[in-house]
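Asks: As input, take final.cif (mmCIF, C-alpha atoms and all ligand atoms):
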data_protein
loop_
_atom_site.group_PDB
_atom_site.id
_atom_site.type_symbol
_atom_site.label_atom_id
_atom_site.label_comp_id
_atom_site.auth_asym_id
_atom_site.auth_seq_id
_atom_site.Cartn_x
_atom_site.Cartn_y
_atom_site.Cartn_z
ATOM 1 C CA MET J 1 107.813 222.685 20.524
ATOM 2 C CA ILE J 2 109.605 219.373 20.047
ATOM 3 C CA MET J 3 108.584 216.766 22.631
ATOM 4 C CA ALA J 4 111.046 214.032 23.591
ATOM 5 C CA LYS J 5 109.601 210.792 24.905
ATOM 6 C CA GLU J 6 110.962 208.995 27.931
ATOM 7 C CA LEU J 7 110.014 205.576 29.225
ATOM 8 C CA ALA J 8 109.570 205.941 32.974
ATOM 9 C CA ILE J 9 110.030 202.698 34.923
ATOM 10 C CA ARG J 10 108.615 202.217 38.424
ATOM 11 C CA PRO J 11 108.917 198.493 39.186
ATOM 12 C CA GLN J 12 107.452 198.952 42.666
ATOM 13 C CA LYS J 13 104.088 199.572 40.960
ATOM 14 C CA CYS J 14 104.231 196.401 38.856
ATOM 15 C CA ILE J 15 101.485 193.830 39.509
ATOM 16 C CA GLY J 16 103.062 191.107 37.355
ATOM 17 C CA CYS J 17 100.259 190.910 34.782
ATOM 18 C CA SER J 18 102.638 190.390 31.779
ATOM 19 C CA THR J 19 100.508 192.628 29.543
ATOM 20 C CA CYS J 20 103.658 194.543 28.589
ATOM 21 C CA ALA J 21 105.525 191.402 27.553
ATOM 22 C CA LEU J 22 102.585 190.009 25.590
ATOM 23 C CA THR J 23 102.186 193.325 23.767
ATOM 24 C CA CYS J 24 105.893 193.575 22.993
ATOM 25 C CA SER J 25 106.022 190.060 21.550
ATOM 26 C CA LEU J 26 102.928 190.709 19.450
ATOM 27 C CA VAL J 27 104.148 194.054 18.110
ATOM 28 C CA HIS J 28 107.741 193.050 17.430
ATOM 29 C CA ARG J 29 107.585 189.293 16.759
ATOM 30 C CA GLY J 30 103.999 188.766 15.638
ATOM 31 C CA VAL J 31 103.350 186.197 18.350
ATOM 32 C CA PHE J 32 101.517 186.262 21.669
ATOM 33 C CA ASP J 33 104.409 184.868 23.712
ATOM 34 C CA PRO J 34 106.046 186.733 26.606
ATOM 35 C CA GLY J 35 109.085 184.485 26.151
ATOM 36 C CA GLN J 36 109.794 186.327 22.895
ATOM 37 C CA SER J 37 109.397 189.785 24.389
ATOM 38 C CA ASN J 38 112.088 192.397 24.943
ATOM 39 C CA ILE J 39 110.936 192.849 28.536
ATOM 40 C CA ARG J 40 110.973 190.238 31.289
ATOM 41 C CA ILE J 41 109.164 190.327 34.611
ATOM 42 C CA TYR J 42 110.773 188.577 37.561
ATOM 43 C CA ARG J 43 109.141 188.145 40.950
ATOM 44 C CA ASP J 44 111.362 188.720 43.957
ATOM 45 C CA ASP J 45 109.623 186.434 46.447
ATOM 46 C CA PHE J 46 111.794 187.602 49.310
ATOM 47 C CA ALA J 47 111.011 191.291 48.807
ATOM 48 C CA GLY J 48 107.513 190.640 47.464
ATOM 49 C CA ILE J 49 108.018 192.866 44.424
ATOM 50 C CA PHE J 50 108.542 192.482 40.695
ATOM 51 C CA GLU J 51 111.685 193.345 38.787
ATOM 52 C CA LEU J 52 111.584 194.560 35.176
ATOM 53 C CA ARG J 53 114.469 193.861 32.806
ATOM 54 C CA PHE J 54 114.812 195.009 29.190
ATOM 55 C CA SER J 55 116.846 193.066 26.651
ATOM 56 C CA SER J 56 119.451 194.695 24.446
ATOM 57 C CA THR J 57 117.019 194.278 21.549
ATOM 58 C CA CYS J 58 114.473 196.639 23.146
ATOM 59 C CA THR J 59 113.822 199.494 20.713
ATOM 60 C CA ARG J 60 112.422 201.838 23.411
ATOM 61 C CA CYS J 61 109.271 202.113 21.333
ATOM 62 C CA GLY J 62 107.082 202.532 24.406
ATOM 63 C CA GLN J 63 104.310 200.152 23.303
ATOM 64 C CA CYS J 64 104.613 198.266 26.591
ATOM 65 C CA ALA J 65 104.024 201.490 28.518
ATOM 66 C CA ARG J 66 100.865 202.256 26.549
ATOM 67 C CA VAL J 67 99.192 199.096 27.865
ATOM 68 C CA CYS J 68 100.585 198.905 31.418
ATOM 69 C CA PRO J 69 97.588 199.148 33.762
ATOM 70 C CA SER J 70 99.454 200.004 36.944
ATOM 71 C CA GLY J 71 101.748 202.886 36.038
ATOM 72 C CA ALA J 72 104.877 200.751 36.400
ATOM 73 C CA LEU J 73 105.697 201.719 32.809
ATOM 74 C CA GLN J 74 104.733 205.142 31.554
ATOM 75 C CA LEU J 75 105.558 207.052 28.406
ATOM 76 C CA LEU J 76 106.306 210.640 29.359
ATOM 77 C CA GLU J 77 106.541 213.587 27.005
ATOM 78 C CA ILE J 78 109.402 215.904 27.923
ATOM 79 C CA PRO J 79 109.647 219.381 26.352
ATOM 80 C CA GLY J 80 112.722 219.713 24.144
ATOM 81 C CA ASP J 81 114.538 217.048 22.160
ATOM 82 C CA ASP J 82 117.628 217.025 24.321
ATOM 83 C CA ALA J 83 116.087 216.680 27.770
ATOM 84 C CA PRO J 84 118.366 214.477 29.894
ATOM 85 C CA ALA J 85 117.021 211.131 31.054
ATOM 86 C CA ALA J 86 116.371 211.048 34.796
ATOM 87 C CA GLU J 87 116.979 207.988 36.945
ATOM 88 C CA GLY J 88 114.540 205.244 35.996
ATOM 89 C CA GLN J 89 113.897 206.736 32.576
ATOM 90 C CA VAL J 90 115.137 205.680 29.162
ATOM 91 C CA SER J 91 114.616 207.400 25.842
ATOM 92 C CA ALA J 92 111.752 206.107 23.710
ATOM 93 C CA GLN J 93 111.417 206.286 19.951
HETATM 94 S S1 LIG J 101 109.913 199.586 24.756
HETATM 95 FE FE1 LIG J 101 109.094 198.481 22.945
HETATM 96 S S2 LIG J 101 110.697 196.965 22.440
HETATM 97 FE FE2 LIG J 101 111.098 197.670 24.551
HETATM 98 S S3 LIG J 101 110.049 196.213 25.871
HETATM 99 FE FE3 LIG J 101 108.615 197.920 25.528
HETATM 100 S S4 LIG J 101 107.366 197.261 23.709
HETATM 101 FE FE4 LIG J 101 109.193 195.963 23.808
HETATM 102 S S1 LIG J 102 105.081 196.488 33.989
HETATM 103 FE FE1 LIG J 102 102.859 196.917 33.860
HETATM 104 S S2 LIG J 102 102.090 195.649 32.132
HETATM 105 FE FE2 LIG J 102 104.136 194.861 32.721
HETATM 106 S S3 LIG J 102 103.727 193.182 34.176
HETATM 107 FE FE3 LIG J 102 104.061 195.060 35.396
HETATM 108 S S4 LIG J 102 101.988 195.932 35.684
HETATM 109 FE FE4 LIG J 102 101.819 194.437 34.024
#
Output the file's structure as structure tokens, nothing else.
Ligand code: SF4
Ligand code: SF4
Replies:
Amino acid sequence: MIMAKELAIRPQKCIGCSTCALTCSLVHRGVFDPGQSNIRIYRDDFAGIFELRFSSTCTRCGQCARVCPSGALQLLEIPGDDAPAAEGQVSAQ
């Protein structure tokens, strides 16, 4: 059976550790610099939560989800190669 991969995003679980951004910059740019990552973490001080934003250069590779310690980013395997993306999910390569 073909398994499609989806990047599930649950920003309410984010603890703001930046591990995802550091990993992305290392994998895709060869540097340990969250400023060069395809994902940015913003703290909403009013709501007390973090917001996750992906740049247009994000390849949906899912490497950030593999290292996220909180479950804010998860790489899910969905049966079938044409499973529709649910809310909060984007296709991963
Ligand atoms: S899916 Fe890949 S390219 Fe996109 S932010 Fe995560 S590690 Fe970076
Ligand atoms: S999404 Fe995960 S890895 Fe990235 S800052 Fe939030 S908790 Fe850390």
Asks: How would you report the residues lying within 10 Å of ligand LIG 102 (chain J), as number ranges by chain, if you count only C-alpha atoms and all ligand atoms?
Replies: J: 9-24, 39-42, 50-53, 64-74
Asks: Just give me the gap between CA of Arg29 in chain J and CA of Met3 in chain J in Å, one decimal is fine.
Replies: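 Taking CA of Arg29 in chain J and CA of Met3 in chain J, their separation equals 28.1 Å.
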Asks: Carefully work through the PyMOL selection byres (((not hetatm)) within 6 of (chain J and resi 101)) for this structure and note down the residues it includes, as a list in words.
Replies: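 Applying the PyMOL selection byres (((not hetatm)) within 6 of (chain J and resi 101)) to the structure shown produces Cys24, Asn38, Ile39, Phe54, Cys58, Thr59, Arg60, Cys61, Gly62, Gln63 and Cys64 of chain J.
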Asks: Between CA of Thr57 in chain J and CA of Gly35 in chain J, measure the distance and give it in Å to one decimal.
Replies: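 Those two atoms sit 13.4 Å apart.
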Asks: What does the structure give for the distance between CA of Ala8 in chain J and CA of Ser56 in chain J, in Å to one decimal?
Replies: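 Between these atoms lies a distance of 17.2 Å.
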Asks: Please identify all polymer residues lying at most 9 Å from the point (105.0, 216.4, 30.0) (file coordinates), using only C-alpha atoms, and present the result as JSON, numbers by chain.
Replies: {"J": [3, 5, 76, 77, 78, 79]}
